[in-house]
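Undergrad: One structure, pasted below without further comment.
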Amino acid sequence: MDIESKACLSSDTSSAIERIFRHARLHAQAPFGAVFELTRACNLTCPHCYQSSHKSTDELCLSEIEHLLSELAEAGTLFLTLTGGEVFTHKYFWDIVQFAISKHFVVRVKTNGTLLSPRDAKRLKDIGVSELHVSVYHDKPEKHDAFVGLVGAHARALSTLRAFHAHGGHVRAMTLLMNWNLDAVSSLQTLYEAEGWQYTFDCRVEFLEDGKDAPHRFRAENDDIVELVSRLPVLRSTLAQKSEVFNLDWTVCSIGRNSLFIASDGNVYPCAVAKSLMLGNVRNRSIADIWMSSARTRITTITWEQSASCVECEIRLFCRRCPSSAAVEHGDPFQPSSIDCRLAQMRYQAHEQSKKLKKLE
C-alpha cells in the first residue's frame, strides 16, 4: 500500500470514500489533489531553492483561502499538500490547517522543520494531519546549518521528524543529492532506517523560476552519483529505468493530470516548477473553470513523439521528462530540458553499472 493510501485510511475513512465517489460523479471537474503554497516567506536562505525571491506579496487572505478550500472540497479534491516558502511563517497557519481538516482533506505538510516545537508536532497529529515532509541535507549538523543559513536548523528538523513520528504520524525525510553532501548519503540512510522514517533521495536541482541557472552550481556530477550506486543499493531503484515497455505516443508526464499547484497569490499552475505556465487565478476564476480549461488540457497531452530529439534518443527509457523544467529553461514545454537529458544519461550510466555489479555478485 502506498503512502497516500495509508494516509487516506488513517483519516476520516468514510469522508475520504465519499469524496472519491463525489469526484467521480463530477467527472473530475477539479484535481484529485492540490498543492497549496501558503506563503513565499521563509526563515532560511537555502542557495539551491528554485524560488527567485522569498518576498511574500499579494497573498490570499484567510477568507479567500477558506473559500478556495471549500471550493476544492465541494468539487471532490481529496489530497491537500500545504507548502511554502515555509508554511509555519504564515500567521494563520493553524487556522488554515484546522479548516482544511474540517473539510475532510487528507493533509500533508511540507516544512523545513525549524519552527515547530515537539508540542506543535503533536498538535499537528492530533488535529489530523496525516503526513509531514522535512528537508534534511546532511548528517553533520554544522554542514546542514551552514547550507540553510541557520544555526540549530539540523537539530530542529530531526526533532520535528521524531516528534511527529512518535505520535503516530507518517514522516518523510527529503534529501536532495548535491555535490557537497554526497558523503552523507550512507549515514543519512542509516539514520532514516534506524528511526523508521520514509525517505527520499533526489538528484534534481532545478532552474530558478526566472530561468537563471544559479542553483546548478550545486549539481552533483553524473560519475559521482554512479559511483554512489555501486556502494548503496538503495539508489539503484531510485535511478532505475522507468519501464521495459515504451511507446512514443505516451504522455511524458502526469503534469496537470491529477493535481494542481496554487501559489500564495492565487495563481494556478500545473505544478510547482511550472511558473511560466499559469492557468488562471482563483480570485477571478473557479477551480473547476481552470481545471477544465484548454490551457491545462494542452499541457496534459504532451507526448514523446512531439520532440524529434526524444524520438531519436537511445536512452529515453531512462528519461523522466519534465515539461515544467523545459518551459522555465527555454519557454517550450514540448521540448526536453537539459536537466532531463543529463539525468537520463546518469540513470543510464547507473543502470549499466548495476548490471556489472550483478554479474559480480
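Going through the C-alpha cells in order, the chains are called A, B, and so on, while each chain numbers its residues from 1 and the ligands are numbered from 1 in the order shown.
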Which residues are near A:Ile315? Cut-off 10 Å, only C-alpha atoms, ignore same chain within fewer than 2 positions. Put them as a count of residues only.

TA: 12

Undergrad: Within 6 Å of stretch 196-212 of chain A, counting only C-alpha atoms, which residues show up once you throw out same-chain ones fewer than 3 positions away? Write them as an mmCIF file with all heavy atoms, in the first residue's frame, please.

TA:
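To be explicit, this is the file written out as selection-v1.cif:
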```cif
data_model
loop_
_atom_site.group_PDB
_atom_site.id
_atom_site.type_symbol
_atom_site.label_atom_id
_atom_site.label_comp_id
_atom_site.auth_asym_id
_atom_site.auth_seq_id
_atom_site.Cartn_x
_atom_site.Cartn_y
_atom_site.Cartn_z
ATOM 1 N N TYR A 50 14.557 26.918 -5.840
ATOM 2 C CA TYR A 50 14.138 27.358 -7.163
ATOM 3 C C TYR A 50 13.350 28.659 -7.120
ATOM 4 O O TYR A 50 13.142 29.305 -8.157
ATOM 5 C CB TYR A 50 13.312 26.269 -7.857
ATOM 6 C CG TYR A 50 11.948 26.038 -7.246
ATOM 7 C CD1 TYR A 50 10.851 26.785 -7.650
ATOM 8 C CD2 TYR A 50 11.751 25.071 -6.260
ATOM 9 C CE1 TYR A 50 9.597 26.584 -7.092
ATOM 10 C CE2 TYR A 50 10.513 24.862 -5.697
ATOM 11 C CZ TYR A 50 9.439 25.618 -6.109
ATOM 12 O OH TYR A 50 8.205 25.417 -5.537
ATOM 13 N N GLN A 51 12.894 29.074 -5.949
ATOM 14 C CA GLN A 51 12.161 30.331 -5.855
ATOM 15 C C GLN A 51 13.133 31.498 -5.982
ATOM 16 O O GLN A 51 14.106 31.599 -5.241
ATOM 17 C CB GLN A 51 11.400 30.415 -4.534
ATOM 18 C CG GLN A 51 10.250 29.433 -4.448
ATOM 19 C CD GLN A 51 9.413 29.622 -3.194
ATOM 20 O OE1 GLN A 51 9.872 30.133 -2.187
ATOM 21 N NE2 GLN A 51 8.158 29.201 -3.258
ATOM 22 N N SER A 52 12.852 32.392 -6.917
ATOM 23 C CA SER A 52 13.744 33.523 -7.168
ATOM 24 C C SER A 52 13.740 34.517 -6.016
ATOM 25 O O SER A 52 14.723 35.214 -5.784
ATOM 26 C CB SER A 52 13.333 34.237 -8.460
ATOM 27 O OG SER A 52 13.356 33.358 -9.554
ATOM 28 N N VAL A 171 6.054 10.242 8.416
ATOM 29 C CA VAL A 171 7.045 11.263 8.114
ATOM 30 C C VAL A 171 7.907 10.829 6.941
ATOM 31 O O VAL A 171 8.080 9.638 6.680
ATOM 32 C CB VAL A 171 7.954 11.570 9.330
ATOM 33 C CG1 VAL A 171 7.140 12.090 10.503
ATOM 34 C CG2 VAL A 171 8.764 10.348 9.747
ATOM 35 N N ARG A 172 8.434 11.818 6.244
ATOM 36 C CA ARG A 172 9.355 11.548 5.148
ATOM 37 C C ARG A 172 10.482 12.566 5.200
ATOM 38 O O ARG A 172 10.240 13.783 5.159
ATOM 39 C CB ARG A 172 8.650 11.608 3.789
ATOM 40 C CG ARG A 172 9.565 11.273 2.616
ATOM 41 C CD ARG A 172 8.783 11.180 1.306
ATOM 42 N NE ARG A 172 7.935 10.000 1.279
ATOM 43 C CZ ARG A 172 8.307 8.812 0.850
ATOM 44 N NH1 ARG A 172 9.551 8.619 0.417
ATOM 45 N NH2 ARG A 172 7.467 7.805 0.842
ATOM 46 N N ALA A 173 11.710 12.082 5.299
ATOM 47 C CA ALA A 173 12.885 12.945 5.234
ATOM 48 C C ALA A 173 13.253 13.106 3.765
ATOM 49 O O ALA A 173 13.407 12.124 3.039
ATOM 50 C CB ALA A 173 14.041 12.334 6.013
ATOM 51 N N MET A 174 13.409 14.349 3.335
ATOM 52 C CA MET A 174 13.675 14.650 1.936
ATOM 53 C C MET A 174 15.110 15.139 1.788
ATOM 54 O O MET A 174 15.489 16.163 2.379
ATOM 55 C CB MET A 174 12.707 15.737 1.435
ATOM 56 C CG MET A 174 11.251 15.469 1.763
ATOM 57 S SD MET A 174 10.566 14.065 0.865
ATOM 58 C CE MET A 174 10.576 14.699 -0.806
ATOM 59 N N THR A 175 15.928 14.420 1.019
ATOM 60 C CA THR A 175 17.322 14.797 0.850
ATOM 61 C C THR A 175 17.638 14.984 -0.627
ATOM 62 O O THR A 175 17.480 14.056 -1.425
ATOM 63 C CB THR A 175 18.269 13.746 1.447
ATOM 64 O OG1 THR A 175 18.015 13.630 2.850
ATOM 65 C CG2 THR A 175 19.717 14.143 1.236
ATOM 66 N N LEU A 176 18.055 16.184 -0.972
ATOM 67 C CA LEU A 176 18.496 16.468 -2.330
ATOM 68 C C LEU A 176 19.996 16.192 -2.411
ATOM 69 O O LEU A 176 20.781 16.739 -1.633
ATOM 70 C CB LEU A 176 18.219 17.929 -2.680
ATOM 71 C CG LEU A 176 18.594 18.370 -4.094
ATOM 72 C CD1 LEU A 176 17.740 17.630 -5.125
ATOM 73 C CD2 LEU A 176 18.423 19.879 -4.258
ATOM 74 N N LEU A 177 20.384 15.329 -3.332
ATOM 75 C CA LEU A 177 21.794 14.988 -3.502
ATOM 76 C C LEU A 177 22.491 16.069 -4.320
ATOM 77 O O LEU A 177 22.097 16.372 -5.450
ATOM 78 C CB LEU A 177 21.937 13.637 -4.198
ATOM 79 C CG LEU A 177 21.278 12.442 -3.492
ATOM 80 C CD1 LEU A 177 21.595 11.156 -4.237
ATOM 81 C CD2 LEU A 177 21.733 12.345 -2.051
ATOM 82 N N TYR A 192 17.814 7.313 8.809
ATOM 83 C CA TYR A 192 16.393 7.245 8.462
ATOM 84 C C TYR A 192 15.809 5.863 8.756
ATOM 85 O O TYR A 192 14.688 5.743 9.294
ATOM 86 C CB TYR A 192 16.195 7.585 6.984
ATOM 87 C CG TYR A 192 16.651 8.974 6.575
ATOM 88 C CD1 TYR A 192 17.015 9.246 5.255
ATOM 89 C CD2 TYR A 192 16.727 10.013 7.500
ATOM 90 C CE1 TYR A 192 17.435 10.509 4.869
ATOM 91 C CE2 TYR A 192 17.145 11.287 7.115
ATOM 92 C CZ TYR A 192 17.498 11.519 5.804
ATOM 93 O OH TYR A 192 17.922 12.776 5.414
ATOM 94 N N GLU A 193 16.558 4.833 8.419
ATOM 95 C CA GLU A 193 16.036 3.484 8.633
ATOM 96 C C GLU A 193 16.025 3.115 10.112
ATOM 97 O O GLU A 193 15.123 2.405 10.568
ATOM 98 C CB GLU A 193 16.863 2.496 7.806
ATOM 99 C CG GLU A 193 16.664 2.707 6.316
ATOM 100 C CD GLU A 193 17.386 1.689 5.450
ATOM 101 O OE1 GLU A 193 18.169 0.885 6.006
ATOM 102 O OE2 GLU A 193 17.169 1.702 4.214
ATOM 103 N N VAL A 328 10.500 26.550 -18.157
ATOM 104 C CA VAL A 328 11.310 27.539 -17.434
ATOM 105 C C VAL A 328 12.626 27.789 -18.159
ATOM 106 O O VAL A 328 13.083 28.927 -18.285
ATOM 107 C CB VAL A 328 11.582 27.066 -15.984
ATOM 108 C CG1 VAL A 328 12.585 27.986 -15.291
ATOM 109 C CG2 VAL A 328 10.288 27.009 -15.185
ATOM 110 N N GLU A 329 13.243 26.718 -18.671
ATOM 111 C CA GLU A 329 14.566 26.830 -19.288
ATOM 112 C C GLU A 329 14.535 27.569 -20.618
ATOM 113 O O GLU A 329 15.328 28.478 -20.858
ATOM 114 C CB GLU A 329 15.168 25.442 -19.477
ATOM 115 C CG GLU A 329 16.547 25.476 -20.105
ATOM 116 C CD GLU A 329 17.156 24.092 -20.278
ATOM 117 O OE1 GLU A 329 16.520 23.092 -19.875
ATOM 118 O OE2 GLU A 329 18.272 23.999 -20.813
#
```

Undergrad: With a distance cut-off of 6 Å and only C-alpha atoms, select the neighbouring residues of A:Pro31, excluding the residue or stretch itself and same-chain residues fewer than 3 positions from it, and output the selection as a list in words.

TA: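 That gives Thr77, Asn258 and Ser259 of chain A.
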
Undergrad: Could you check which of A:Arg231, A:Arg296, A:Arg283, A:Arg108 is closest to A:Ala263, using only C-alpha atoms?

TA: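 The closest residue to A:Ala263 is A:Arg283.
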
Undergrad: Could you state the separation of atom CA of A:Ala30 and atom CA of A:Ile65 in Å, given to one decimal place?

TA: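 We find that atom CA of A:Ala30 and atom CA of A:Ile65 lie 16.4 Å from each other.
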
Undergrad: Determine, counting only C-alpha atoms, which protein, DNA and RNA residues have an atom within 8 Å of an atom of stretch 131-148 of chain A; residues of the same chain fewer than 6 positions away are not included. Present the result as an NGL selection string.

TA: :A and (7 or 44-47 or 107-113 or 154-155 or 157 or 161 or 164 or 169-177 or 181 or 184-185 or 187-188)

Undergrad: With only C-alpha atoms as the basis for distance, which of A:Ala121, A:Ile290, A:Val129, A:Leu116 is at the shortest distance from A:Arg156?

TA: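 Using only C-alpha atoms, A:Arg156 sits closest to A:Leu116.
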
Undergrad: Applying 10 Å and only C-alpha atoms, which residues near A:Lys103 remain after dropping the ones on its own chain fewer than 5 positions away? List them as a compact mmCIF listing (two decimals) with N, CA and C atoms, in the first residue's frame.

TA:
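out.txt, freshly written:
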```
# COMPACT_ATOMS: atom_id res chain seq x y z
N SER A 15 -15.42 9.85 5.11
CA SER A 15 -15.37 11.10 4.36
C SER A 15 -14.49 10.96 3.13
N GLU A 66 -10.08 30.17 2.79
CA GLU A 66 -11.19 29.30 3.21
C GLU A 66 -12.17 29.08 2.06
N LEU A 69 -10.47 26.53 -0.31
CA LEU A 69 -10.51 25.17 0.22
C LEU A 69 -11.92 24.60 0.18
N SER A 70 -12.91 25.43 0.44
CA SER A 70 -14.30 24.97 0.37
C SER A 70 -14.66 24.57 -1.05
N LEU A 72 -12.56 23.55 -3.41
CA LEU A 72 -11.87 22.30 -3.73
C LEU A 72 -12.58 21.11 -3.10
N ALA A 73 -12.98 21.26 -1.83
CA ALA A 73 -13.65 20.16 -1.14
C ALA A 73 -14.98 19.82 -1.79
N GLU A 74 -15.73 20.83 -2.15
CA GLU A 74 -17.03 20.60 -2.77
C GLU A 74 -16.89 19.92 -4.12
N LEU A 78 -9.36 15.52 -2.82
CA LEU A 78 -9.17 14.75 -1.58
C LEU A 78 -7.84 15.07 -0.89
N VAL A 97 -4.89 25.07 8.57
CA VAL A 97 -4.80 23.62 8.61
C VAL A 97 -6.01 23.02 9.32
N GLN A 98 -6.51 23.70 10.35
CA GLN A 98 -7.71 23.19 11.03
C GLN A 98 -8.93 23.28 10.13
```

Undergrad: Quick one: everything within 7 Å of A:Val35, counting only C-alpha atoms, minus sequence neighbours fewer than 6 positions away in the same chain. Send it as a ChimeraX atom specification.

TA: /A:80-82,260-262

Undergrad: Please produce an output containing N, CA and C atoms for each residue in the selection, written as a compact mmCIF listing (two decimals), in the first residue's frame.

TA:
```
# COMPACT_ATOMS: atom_id res chain seq x y z
N LEU A 80 -4.54 17.24 -0.02
CA LEU A 80 -4.10 18.63 0.04
C LEU A 80 -2.72 18.69 0.68
N THR A 81 -1.77 19.27 -0.06
CA THR A 81 -0.42 19.47 0.47
C THR A 81 -0.21 20.96 0.73
N LEU A 82 0.17 21.29 1.95
CA LEU A 82 0.45 22.68 2.32
C LEU A 82 1.96 22.89 2.30
N LEU A 260 -2.98 20.13 -9.10
CA LEU A 260 -2.62 21.49 -9.48
C LEU A 260 -1.80 22.12 -8.36
N PHE A 261 -1.04 23.15 -8.72
CA PHE A 261 -0.29 23.92 -7.75
C PHE A 261 -0.91 25.31 -7.66
N ILE A 262 -1.27 25.71 -6.45
CA ILE A 262 -1.89 27.02 -6.24
C ILE A 262 -0.93 27.88 -5.45
```

Undergrad: Pick out each residue of stretch 245-313 of chain A that DSSP on the backbone tags as helix (DSSP H, G or I); I need them as a ChimeraX atom specification.

TA: /A:287-291,294-300,304-306,308-312

Undergrad: What is the atom CA of A:Ser130 to atom CA of A:Asn267 distance in Å?

TA: 26.0 Å

Undergrad: Out of A:Ser307, A:Ser264, A:Asn247, A:Ser63, which residue has the shortest atom-to-atom distance to A:Gly85 when counting only C-alpha atoms?

TA: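 Comparing A:Ser307, A:Ser264, A:Asn247, A:Ser63 against A:Gly85, the winner is A:Ser264.
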